[in-house]
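Next up, upload-v3.pdb (PDB, C-alpha atoms):
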ATOM      1  CA  MET A  13      57.016 141.342 131.611  1.00  0.00           C
ATOM      2  CA  GLN A  14      60.794 141.661 131.798  1.00  0.00           C
ATOM      3  CA  LEU A  15      62.646 138.441 130.985  1.00  0.00           C
ATOM      4  CA  SER A  16      65.338 139.212 133.547  1.00  0.00           C
ATOM      5  CA  VAL A  17      62.726 139.023 136.317  1.00  0.00           C
ATOM      6  CA  LEU A  18      61.343 135.720 135.045  1.00  0.00           C
ATOM      7  CA  GLN A  19      64.846 134.319 134.650  1.00  0.00           C
ATOM      8  CA  GLU A  20      65.594 134.995 138.315  1.00  0.00           C
ATOM      9  CA  GLN A  21      62.251 133.499 139.349  1.00  0.00           C
ATOM     10  CA  TYR A  22      63.047 130.405 137.321  1.00  0.00           C
ATOM     11  CA  ILE A  23      66.486 130.065 138.928  1.00  0.00           C
ATOM     12  CA  LEU A  24      64.810 130.429 142.320  1.00  0.00           C
ATOM     13  CA  HIS A  25      62.350 127.697 141.339  1.00  0.00           C
ATOM     14  CA  HIS A  26      65.235 125.298 140.657  1.00  0.00           C
ATOM     15  CA  GLY A  27      66.780 126.148 144.010  1.00  0.00           C
ATOM     16  CA  ALA A  28      63.485 125.484 145.763  1.00  0.00           C
ATOM     17  CA  MET A  29      63.260 122.111 144.010  1.00  0.00           C
ATOM     18  CA  GLY A  30      66.690 121.204 145.386  1.00  0.00           C
ATOM     19  CA  HIS A  31      68.365 120.951 141.996  1.00  0.00           C
ATOM     20  CA  SER A  32      72.140 121.020 141.852  1.00  0.00           C
ATOM     21  CA  PRO A  33      74.159 124.269 141.588  1.00  0.00           C
ATOM     22  CA  LYS A  34      75.510 122.916 138.293  1.00  0.00           C
ATOM     23  CA  THR A  35      71.980 122.929 136.856  1.00  0.00           C
ATOM     24  CA  THR A  36      71.269 126.508 137.882  1.00  0.00           C
ATOM     25  CA  SER A  37      74.696 127.596 136.652  1.00  0.00           C
ATOM     26  CA  HIS A  38      73.931 126.097 133.232  1.00  0.00           C
ATOM     27  CA  TYR A  39      70.675 128.044 133.017  1.00  0.00           C
ATOM     28  CA  ARG A  40      72.437 131.258 134.034  1.00  0.00           C
ATOM     29  CA  ASP A  41      74.973 130.783 131.238  1.00  0.00           C
ATOM     30  CA  THR A  42      72.165 130.198 128.723  1.00  0.00           C
ATOM     31  CA  PHE A  43      70.270 133.270 129.869  1.00  0.00           C
ATOM     32  CA  ARG A  44      73.436 135.378 129.688  1.00  0.00           C
ATOM     33  CA  VAL A  45      74.105 134.363 126.074  1.00  0.00           C
ATOM     34  CA  PHE A  46      70.442 134.824 125.137  1.00  0.00           C
ATOM     35  CA  ASP A  47      70.456 138.342 126.652  1.00  0.00           C
ATOM     36  CA  VAL A  48      73.594 139.210 124.663  1.00  0.00           C
ATOM     37  CA  PHE A  49      71.836 137.966 121.514  1.00  0.00           C
ATOM     38  CA  LEU A  50      68.749 140.104 122.222  1.00  0.00           C
ATOM     39  CA  GLU A  51      70.875 143.203 122.748  1.00  0.00           C
ATOM     40  CA  ALA A  52      72.879 142.546 119.566  1.00  0.00           C
ATOM     41  CA  LYS A  53      69.655 142.216 117.551  1.00  0.00           C
ATOM     42  CA  GLY A  54      68.053 145.263 119.158  1.00  0.00           C
ATOM     43  CA  TYR A  55      65.254 143.319 120.841  1.00  0.00           C
ATOM     44  CA  VAL A  56      63.775 144.425 124.164  1.00  0.00           C
ATOM     45  CA  GLY A  57      64.055 141.673 126.780  1.00  0.00           C
ATOM     46  CA  THR A  58      60.404 141.023 127.522  1.00  0.00           C
ATOM     47  CA  THR A  59      58.113 138.021 127.093  1.00  0.00           C
ATOM     48  CA  ALA A  60      57.255 139.422 123.647  1.00  0.00           C
ATOM     49  CA  VAL A  61      60.504 137.915 122.303  1.00  0.00           C
ATOM     50  CA  VAL A  62      59.496 134.365 123.268  1.00  0.00           C
ATOM     51  CA  THR A  63      58.421 133.453 119.738  1.00  0.00           C
ATOM     52  CA  THR A  64      59.263 130.711 117.259  1.00  0.00           C
ATOM     53  CA  PHE A  65      60.909 133.235 114.905  1.00  0.00           C
ATOM     54  CA  ILE A  66      63.284 134.572 117.560  1.00  0.00           C
ATOM     55  CA  MET A  67      64.106 131.073 118.824  1.00  0.00           C
ATOM     56  CA  ASN A  68      65.133 130.167 115.259  1.00  0.00           C
ATOM     57  CA  GLU A  69      67.207 133.343 115.064  1.00  0.00           C
ATOM     58  CA  PHE A  70      68.955 132.484 118.314  1.00  0.00           C
ATOM     59  CA  ALA A  71      69.830 128.986 117.084  1.00  0.00           C
ATOM     60  CA  ILE A  72      71.441 130.499 113.975  1.00  0.00           C
ATOM     61  CA  TYR A  73      73.214 133.107 116.136  1.00  0.00           C
ATOM     62  CA  LEU A  74      74.790 130.344 118.234  1.00  0.00           C
ATOM     63  CA  ARG A  75      76.207 128.701 115.111  1.00  0.00           C
ATOM     64  CA  GLU A  76      77.511 131.870 113.515  1.00  0.00           C
ATOM     65  CA  THR A  77      78.799 133.898 116.462  1.00  0.00           C
ATOM     66  CA  PRO A  78      82.408 133.327 117.585  1.00  0.00           C
ATOM     67  CA  THR A  79      82.940 132.191 121.144  1.00  0.00           C
ATOM     68  CA  LYS A  80      86.076 132.079 123.298  1.00  0.00           C
ATOM     69  CA  GLY A  81      88.037 133.854 120.581  1.00  0.00           C
ATOM     70  CA  TRP A  82      90.861 134.602 123.006  1.00  0.00           C
ATOM     71  CA  ARG A  83      91.506 130.844 123.164  1.00  0.00           C
ATOM     72  CA  GLY A  84      91.370 130.353 119.438  1.00  0.00           C
ATOM     73  CA  GLU A  85      87.918 128.763 119.541  1.00  0.00           C
ATOM     74  CA  THR A  86      85.316 130.321 117.237  1.00  0.00           C
ATOM     75  CA  LYS A  87      82.623 127.675 116.925  1.00  0.00           C
ATOM     76  CA  ARG A  88      80.268 126.275 119.517  1.00  0.00           C
ATOM     77  CA  SER A  89      79.914 122.527 119.722  1.00  0.00           C
ATOM     78  CA  ASP A  90      76.682 120.811 118.663  1.00  0.00           C
ATOM     79  CA  ALA A  91      76.288 119.617 122.252  1.00  0.00           C
ATOM     80  CA  GLY A  92      76.696 123.169 123.579  1.00  0.00           C
ATOM     81  CA  ILE A  93      74.065 124.528 121.166  1.00  0.00           C
ATOM     82  CA  ARG A  94      71.692 121.703 122.019  1.00  0.00           C
ATOM     83  CA  GLY A  95      72.125 122.388 125.740  1.00  0.00           C
ATOM     84  CA  MET A  96      71.206 126.072 125.410  1.00  0.00           C
ATOM     85  CA  MET A  97      68.242 125.462 123.133  1.00  0.00           C
ATOM     86  CA  THR A  98      66.957 122.748 125.477  1.00  0.00           C
ATOM     87  CA  ASP A  99      67.254 125.196 128.389  1.00  0.00           C
ATOM     88  CA  LEU A 100      65.152 127.763 126.513  1.00  0.00           C
ATOM     89  CA  ARG A 101      62.542 125.172 125.558  1.00  0.00           C
ATOM     90  CA  VAL A 102      62.103 124.115 129.189  1.00  0.00           C
ATOM     91  CA  PHE A 103      62.108 127.762 130.323  1.00  0.00           C
ATOM     92  CA  ALA A 104      59.383 128.614 127.770  1.00  0.00           C
ATOM     93  CA  ARG A 105      57.269 125.683 128.970  1.00  0.00           C
ATOM     94  CA  TRP A 106      57.598 126.957 132.563  1.00  0.00           C
ATOM     95  CA  MET A 107      56.532 130.472 131.500  1.00  0.00           C
ATOM     96  CA  LEU A 108      53.469 129.013 129.769  1.00  0.00           C
ATOM     97  CA  GLU A 109      52.525 126.985 132.843  1.00  0.00           C
ATOM     98  CA  GLU A 110      52.915 130.081 135.024  1.00  0.00           C
ATOM     99  CA  GLY A 111      50.742 132.158 132.689  1.00  0.00           C
ATOM    100  CA  HIS A 112      53.467 134.559 131.529  1.00  0.00           C
ATOM    101  CA  ILE A 113      53.071 133.709 127.832  1.00  0.00           C
ATOM    102  CA  ALA A 114      49.947 132.788 125.872  1.00  0.00           C
ATOM    103  CA  SER A 115      51.379 130.074 123.642  1.00  0.00           C
ATOM    104  CA  LEU A 116      54.411 127.815 123.497  1.00  0.00           C
ATOM    105  CA  PRO A 117      56.941 128.664 120.776  1.00  0.00           C
ATOM    106  CA  LYS A 118      58.667 125.982 118.744  1.00  0.00           C
ATOM    107  CA  VAL A 119      62.273 125.833 119.886  1.00  0.00           C
ATOM    108  CA  PRO A 120      64.652 124.142 117.426  1.00  0.00           C
ATOM    109  CA  VAL A 121      66.714 121.616 119.387  1.00  0.00           C
ATOM    110  CA  ASN A 122      69.371 120.084 117.157  1.00  0.00           C
ATOM    111  CA  LYS A 123      70.042 116.371 117.110  1.00  0.00           C
ATOM    112  CA  LEU A 124      73.493 115.179 118.029  1.00  0.00           C
ATOM    113  CA  PRO A 125      75.408 112.874 115.681  1.00  0.00           C
ATOM    114  CA  GLN A 126      75.376 109.243 116.748  1.00  0.00           C
ATOM    115  CA  VAL A 127      78.983 108.321 117.376  1.00  0.00           C
ATOM    116  CA  PHE A 128      80.665 105.512 119.256  1.00  0.00           C
ATOM    117  CA  PHE A 129      82.039 106.567 122.613  1.00  0.00           C
ATOM    118  CA  PRO A 130      85.840 106.088 122.730  1.00  0.00           C
ATOM    119  CA  ILE A 131      86.510 103.278 125.191  1.00  0.00           C
ATOM    120  CA  LEU A 132      89.797 101.941 126.460  1.00  0.00           C
ATOM    121  CA  SER A 133      91.350  99.019 124.661  1.00  0.00           C
ATOM    122  CA  ASP A 134      92.922  96.125 126.555  1.00  0.00           C
ATOM    123  CA  GLU A 135      96.367  97.484 125.663  1.00  0.00           C
ATOM    124  CA  GLU A 136      95.468 100.944 126.968  1.00  0.00           C
ATOM    125  CA  LEU A 137      94.189  99.496 130.241  1.00  0.00           C
ATOM    126  CA  ASP A 138      97.470  97.595 130.549  1.00  0.00           C
ATOM    127  CA  ARG A 139      99.314 100.904 130.214  1.00  0.00           C
ATOM    128  CA  VAL A 140      97.081 102.541 132.814  1.00  0.00           C
ATOM    129  CA  PHE A 141      97.761  99.845 135.432  1.00  0.00           C
ATOM    130  CA  ALA A 142     101.478  99.876 134.607  1.00  0.00           C
ATOM    131  CA  THR A 143     101.888 103.573 135.449  1.00  0.00           C
ATOM    132  CA  LYS A 144     103.676 104.613 138.617  1.00  0.00           C
ATOM    133  CA  GLN A 145     100.449 106.315 139.654  1.00  0.00           C
ATOM    134  CA  LEU A 146      98.941 102.840 140.194  1.00  0.00           C
ATOM    135  CA  SER A 147     101.788 100.357 140.403  1.00  0.00           C
ATOM    136  CA  LEU A 148     103.989 101.732 143.193  1.00  0.00           C
ATOM    137  CA  SER A 149     103.571 100.359 146.725  1.00  0.00           C
ATOM    138  CA  THR A 150     103.033 103.822 148.148  1.00  0.00           C
ATOM    139  CA  GLU A 151     100.074 105.501 149.799  1.00  0.00           C
ATOM    140  CA  ILE A 152      99.175 107.281 146.548  1.00  0.00           C
ATOM    141  CA  GLY A 153      99.703 104.175 144.410  1.00  0.00           C
ATOM    142  CA  THR A 154      97.577 102.029 146.714  1.00  0.00           C
ATOM    143  CA  ARG A 155      94.781 104.590 146.761  1.00  0.00           C
ATOM    144  CA  ASN A 156      94.820 105.176 143.013  1.00  0.00           C
ATOM    145  CA  ARG A 157      94.776 101.449 142.205  1.00  0.00           C
ATOM    146  CA  ALA A 158      91.793 100.960 144.489  1.00  0.00           C
ATOM    147  CA  LEU A 159      90.104 104.032 142.999  1.00  0.00           C
ATOM    148  CA  ILE A 160      90.456 102.965 139.365  1.00  0.00           C
ATOM    149  CA  ALA A 161      89.518  99.351 140.160  1.00  0.00           C
ATOM    150  CA  PHE A 162      86.406 100.486 142.044  1.00  0.00           C
ATOM    151  CA  MET A 163      85.310 102.793 139.216  1.00  0.00           C
ATOM    152  CA  LEU A 164      85.923 100.131 136.583  1.00  0.00           C
ATOM    153  CA  ASP A 165      84.064  97.497 138.553  1.00  0.00           C
ATOM    154  CA  THR A 166      81.040  99.616 139.460  1.00  0.00           C
ATOM    155  CA  GLY A 167      80.769 102.173 136.644  1.00  0.00           C
ATOM    156  CA  VAL A 168      80.210 105.071 139.061  1.00  0.00           C
ATOM    157  CA  ARG A 169      80.582 108.705 137.971  1.00  0.00           C
ATOM    158  CA  ARG A 170      83.357 111.045 139.081  1.00  0.00           C
ATOM    159  CA  ALA A 171      81.090 113.043 141.425  1.00  0.00           C
ATOM    160  CA  GLU A 172      79.718 109.826 142.906  1.00  0.00           C
ATOM    161  CA  VAL A 173      83.124 108.388 143.759  1.00  0.00           C
ATOM    162  CA  ALA A 174      84.320 111.738 145.119  1.00  0.00           C
ATOM    163  CA  ASN A 175      81.300 111.964 147.447  1.00  0.00           C
ATOM    164  CA  LEU A 176      81.348 108.298 148.484  1.00  0.00           C
ATOM    165  CA  GLU A 177      81.908 108.000 152.235  1.00  0.00           C
ATOM    166  CA  LEU A 178      83.512 105.161 154.153  1.00  0.00           C
ATOM    167  CA  LYS A 179      80.280 104.422 156.036  1.00  0.00           C
ATOM    168  CA  ASP A 180      78.509 103.682 152.746  1.00  0.00           C
ATOM    169  CA  VAL A 181      80.920 100.911 151.732  1.00  0.00           C
ATOM    170  CA  ASP A 182      80.466  97.324 152.881  1.00  0.00           C
ATOM    171  CA  ILE A 183      83.626  95.505 151.840  1.00  0.00           C
ATOM    172  CA  ALA A 184      82.522  92.167 153.340  1.00  0.00           C
ATOM    173  CA  GLU A 185      79.372  92.178 151.188  1.00  0.00           C
ATOM    174  CA  GLY A 186      81.085  93.750 148.187  1.00  0.00           C
ATOM    175  CA  GLN A 187      78.646  96.610 147.837  1.00  0.00           C
ATOM    176  CA  ALA A 188      78.433 100.391 148.230  1.00  0.00           C
ATOM    177  CA  ARG A 189      75.538 102.813 148.518  1.00  0.00           C
ATOM    178  CA  ILE A 190      75.806 105.577 145.918  1.00  0.00           C
ATOM    179  CA  MET A 191      74.057 108.937 145.852  1.00  0.00           C
ATOM    180  CA  GLY A 192      73.520 109.583 142.152  1.00  0.00           C
ATOM    181  CA  LYS A 193      71.996 112.284 139.982  1.00  0.00           C
ATOM    182  CA  GLY A 194      68.798 113.800 141.304  1.00  0.00           C
ATOM    183  CA  ARG A 195      69.734 112.576 144.785  1.00  0.00           C
ATOM    184  CA  LYS A 196      68.680 109.064 143.845  1.00  0.00           C
ATOM    185  CA  GLU A 197      70.301 106.319 145.879  1.00  0.00           C
ATOM    186  CA  ARG A 198      71.362 102.989 144.456  1.00  0.00           C
ATOM    187  CA  PHE A 199      73.634 100.095 145.377  1.00  0.00           C
ATOM    188  CA  VAL A 200      76.614  99.081 143.270  1.00  0.00           C
ATOM    189  CA  PHE A 201      78.560  95.849 143.636  1.00  0.00           C
ATOM    190  CA  PHE A 202      82.241  95.026 143.269  1.00  0.00           C
ATOM    191  CA  ALA A 203      84.300  91.848 142.962  1.00  0.00           C
ATOM    192  CA  PRO A 204      86.497  90.281 145.684  1.00  0.00           C
ATOM    193  CA  SER A 205      89.610  91.462 143.799  1.00  0.00           C
ATOM    194  CA  THR A 206      88.422  95.058 144.122  1.00  0.00           C
ATOM    195  CA  ALA A 207      87.543  94.454 147.769  1.00  0.00           C
ATOM    196  CA  ASP A 208      91.149  93.333 148.388  1.00  0.00           C
ATOM    197  CA  LEU A 209      92.464  96.581 146.883  1.00  0.00           C
ATOM    198  CA  LEU A 210      90.064  98.591 149.032  1.00  0.00           C
ATOM    199  CA  LYS A 211      91.272  96.728 152.150  1.00  0.00           C
ATOM    200  CA  ARG A 212      94.861  97.636 151.316  1.00  0.00           C
ATOM    201  CA  TRP A 213      93.902 101.253 150.924  1.00  0.00           C
ATOM    202  CA  LEU A 214      91.956 101.223 154.209  1.00  0.00           C
ATOM    203  CA  SER A 215      94.985  99.747 156.012  1.00  0.00           C
ATOM    204  CA  ILE A 216      96.692 103.028 155.142  1.00  0.00           C
ATOM    205  CA  ARG A 217      93.711 105.372 155.315  1.00  0.00           C
ATOM    206  CA  GLY A 218      92.321 104.075 158.590  1.00  0.00           C
ATOM    207  CA  GLU A 219      88.721 104.039 159.758  1.00  0.00           C
ATOM    208  CA  GLU A 220      88.326 107.792 160.145  1.00  0.00           C
ATOM    209  CA  PRO A 221      84.882 108.976 158.961  1.00  0.00           C
ATOM    210  CA  GLY A 222      84.778 110.901 155.703  1.00  0.00           C
ATOM    211  CA  THR A 223      85.122 110.324 151.996  1.00  0.00           C
ATOM    212  CA  LEU A 224      86.531 106.938 151.034  1.00  0.00           C
ATOM    213  CA  PHE A 225      89.367 108.098 148.808  1.00  0.00           C
ATOM    214  CA  TRP A 226      90.050 111.525 150.361  1.00  0.00           C
ATOM    215  CA  LEU A 227      89.655 113.119 146.946  1.00  0.00           C
ATOM    216  CA  SER A 228      87.456 116.013 145.870  1.00  0.00           C
ATOM    217  CA  PHE A 229      85.685 116.221 142.513  1.00  0.00           C
ATOM    218  CA  GLU A 230      88.674 118.118 141.108  1.00  0.00           C
ATOM    219  CA  GLY A 231      91.063 115.791 142.912  1.00  0.00           C
ATOM    220  CA  VAL A 232      89.738 112.798 140.981  1.00  0.00           C
ATOM    221  CA  LYS A 233      90.219 114.757 137.754  1.00  0.00           C
ATOM    222  CA  MET A 234      93.818 115.518 138.734  1.00  0.00           C
ATOM    223  CA  VAL A 235      94.529 111.802 139.306  1.00  0.00           C
ATOM    224  CA  PHE A 236      93.144 110.945 135.879  1.00  0.00           C
ATOM    225  CA  ASN A 237      95.207 113.680 134.223  1.00  0.00           C
ATOM    226  CA  ARG A 238      98.406 112.372 135.801  1.00  0.00           C
ATOM    227  CA  ILE A 239      97.636 108.816 134.710  1.00  0.00           C
ATOM    228  CA  ARG A 240      96.796 109.986 131.179  1.00  0.00           C
ATOM    229  CA  LYS A 241     100.095 111.835 130.809  1.00  0.00           C
ATOM    230  CA  GLU A 242     102.208 108.992 132.196  1.00  0.00           C
ATOM    231  CA  ALA A 243     100.409 106.342 130.123  1.00  0.00           C
ATOM    232  CA  GLY A 244     100.717 108.462 126.992  1.00  0.00           C
ATOM    233  CA  LEU A 245      96.985 108.390 126.296  1.00  0.00           C
ATOM    234  CA  GLU A 246      95.306 111.040 124.199  1.00  0.00           C
ATOM    235  CA  VAL A 247      92.110 110.685 126.235  1.00  0.00           C
ATOM    236  CA  PHE A 248      91.562 109.227 129.696  1.00  0.00           C
ATOM    237  CA  HIS A 249      88.686 110.403 131.857  1.00  0.00           C
ATOM    238  CA  PRO A 250      86.223 108.894 134.365  1.00  0.00           C
ATOM    239  CA  HIS A 251      83.343 108.456 131.932  1.00  0.00           C
ATOM    240  CA  GLN A 252      85.441 106.043 129.872  1.00  0.00           C
ATOM    241  CA  LEU A 253      85.548 103.662 132.813  1.00  0.00           C
ATOM    242  CA  ILE A 254      81.779 103.302 132.703  1.00  0.00           C
ATOM    243  CA  HIS A 255      82.112 101.950 129.173  1.00  0.00           C
ATOM    244  CA  ALA A 256      85.215  99.906 129.967  1.00  0.00           C
ATOM    245  CA  CYS A 257      83.505  98.300 132.980  1.00  0.00           C
ATOM    246  CA  LEU A 258      84.342  94.589 133.340  1.00  0.00           C
ATOM    247  CA  SER A 259      86.888  94.703 130.519  1.00  0.00           C
ATOM    248  CA  PRO A 260      89.003  91.518 130.159  1.00  0.00           C
ATOM    249  CA  ALA A 261      92.134  93.639 130.573  1.00  0.00           C
ATOM    250  CA  PHE A 262      90.823  94.946 133.867  1.00  0.00           C
ATOM    251  CA  SER A 263      90.245  91.437 135.200  1.00  0.00           C
ATOM    252  CA  ALA A 264      93.684  90.374 134.058  1.00  0.00           C
ATOM    253  CA  GLN A 265      95.345  93.302 135.784  1.00  0.00           C
ATOM    254  CA  LEU A 266      93.648  92.641 139.093  1.00  0.00           C
ATOM    255  CA  SER A 267      94.345  88.917 139.000  1.00  0.00           C
ATOM    256  CA  SER A 268      98.062  89.596 138.455  1.00  0.00           C
ATOM    257  CA  CYS A 269      98.335  91.992 141.395  1.00  0.00           C
ATOM    258  CA  ARG A 270     101.317  90.957 143.549  1.00  0.00           C
ATOM    259  CA  TRP A 271     101.263  93.447 146.424  1.00  0.00           C
TER     260      TRP A 271
END

Structure rendered as structure tokens:
Amino acid sequence: MQLSVLQEQYILHHGAMGHSPKTTSHYRDTFRVFDVFLEAKGYVGTTAVVTTFIMNEFAIYLRETPTKGWRGETKRSDAGIRGMMTDLRVFARWMLEEGHIASLPKVPVNKLPQVFFPILSDEELDRVFATKQLSLSTEIGTRNRALIAFMLDTGVRRAEVANLELKDVDIAEGQARIMGKGRKERFVFFAPSTADLLKRWLSIRGEEPGTLFWLSFEGVKMVFNRIRKEAGLEVFHPHQLIHACLSPAFSAQLSSCRW
């Protein structure tokens, strides 16, 4: 059977299961690269290529084949290779369950090196809160200070804070209902100091229904980029705040807030 047909059926399966567009997009990218590999090697794209030997060949192909050459990048990251090989392993298991292949091939999924995640130091957090993006008594400054404080205090992801709506936040109780990955709901809790910053932002924002911070997924990224440039940080992104959650520098910054 043609792989292209099964690939589309598999994408449809994810849609029927209610999985995110990001998930299906990742599988499409993997299938596209795998199809390019098959064509380059002269293989016909049928279920006959779903073998351990060809999976090993594909893993080597990913390491040796240049990618994004027009941007000066010629080597895929270990995480990128692992993501594609994991996609193919799950896809092969689905084909076996659906009766399209007789046996499950061994798919080599590389291990990632164990490294410490770069977190923000106390001095770096001081620089973040000292930027004009957070320190000015303006609408943007008030919103950004509340945004960063909320993310530091709760450890929520960028998509979660972008999708958070006003109706899901209870400032009096210091809690918010979050829709996380896999559409799983959970409650997160924040300190009175963060609640005060949220109140200041709401005094400007108003009680109009909608997202709490009036920022899209890309909008949150833009705020972080502006803070990073002004603070002179090499790296500053939302995931760092999960690891920096409840940092002593964060508490000190909030306690010294004068406006």

Non-local contacts of Glu76 (chain A) (12 Å; only C-alpha atoms; under 2 positions in same chain excluded) as a PyMOL selection string: chain A and resi 49+69-74+78-79+86-89+93

Save out the residues we just selected, C-alpha atoms, as a short mmCIF file (atom, residue, chain, number, x, y, z; two decimals), in the coordinates of the input.
data_model
loop_
_atom_site.label_atom_id
_atom_site.label_comp_id
_atom_site.auth_asym_id
_atom_site.auth_seq_id
_atom_site.Cartn_x
_atom_site.Cartn_y
_atom_site.Cartn_z
CA PHE A 49 71.84 137.97 121.51
CA GLU A 69 67.21 133.34 115.06
CA PHE A 70 68.96 132.48 118.31
CA ALA A 71 69.83 128.99 117.08
CA ILE A 72 71.44 130.50 113.98
CA TYR A 73 73.21 133.11 116.14
CA LEU A 74 74.79 130.34 118.23
CA PRO A 78 82.41 133.33 117.58
CA THR A 79 82.94 132.19 121.14
CA THR A 86 85.32 130.32 117.24
CA LYS A 87 82.62 127.68 116.92
CA ARG A 88 80.27 126.28 119.52
CA SER A 89 79.91 122.53 119.72
CA ILE A 93 74.06 124.53 121.17
#

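Counting only C-alpha atoms, the residue from A:Arg44, A:Lys179, A:Lys118, A:Arg238 that sits nearest to Glu219 (chain A) is A:Lys179.
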
Distance query region 188-190 of chain A at most 7 Å, only C-alpha atoms, self and fewer than 6 positions along chain excluded, as a PyMOL selection string: chain A and resi 172+176+180-182+197-201

Go ahead and save the residues from that selection, with C-alpha atoms, as a PDB file, keeping the file's coordinate frame.
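What follows is the written file part.pdb:
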ATOM      1  CA  GLU A 172      79.718 109.826 142.906  1.00  0.00           C
ATOM      2  CA  LEU A 176      81.348 108.298 148.484  1.00  0.00           C
ATOM      3  CA  ASP A 180      78.509 103.682 152.746  1.00  0.00           C
ATOM      4  CA  VAL A 181      80.920 100.911 151.732  1.00  0.00           C
ATOM      5  CA  ASP A 182      80.466  97.324 152.881  1.00  0.00           C
ATOM      6  CA  GLU A 197      70.301 106.319 145.879  1.00  0.00           C
ATOM      7  CA  ARG A 198      71.362 102.989 144.456  1.00  0.00           C
ATOM      8  CA  PHE A 199      73.634 100.095 145.377  1.00  0.00           C
ATOM      9  CA  VAL A 200      76.614  99.081 143.270  1.00  0.00           C
ATOM     10  CA  PHE A 201      78.560  95.849 143.636  1.00  0.00           C
TER      11      PHE A 201
END

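With all atoms listed in the file as the atoms that count, the minimum distance from Pro250 (chain A) to the choices A:Met234, A:Val45, A:Ala158, A:Ala52 is reached by A:Met234.
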
Residues in the PyMOL selection byres ((chain A and resi 167) around 7), expressed as a list in words: Met163, Leu164, Asp165, Thr166, Val168, Arg169, Leu253, Ile254 and Cys257 of chain A
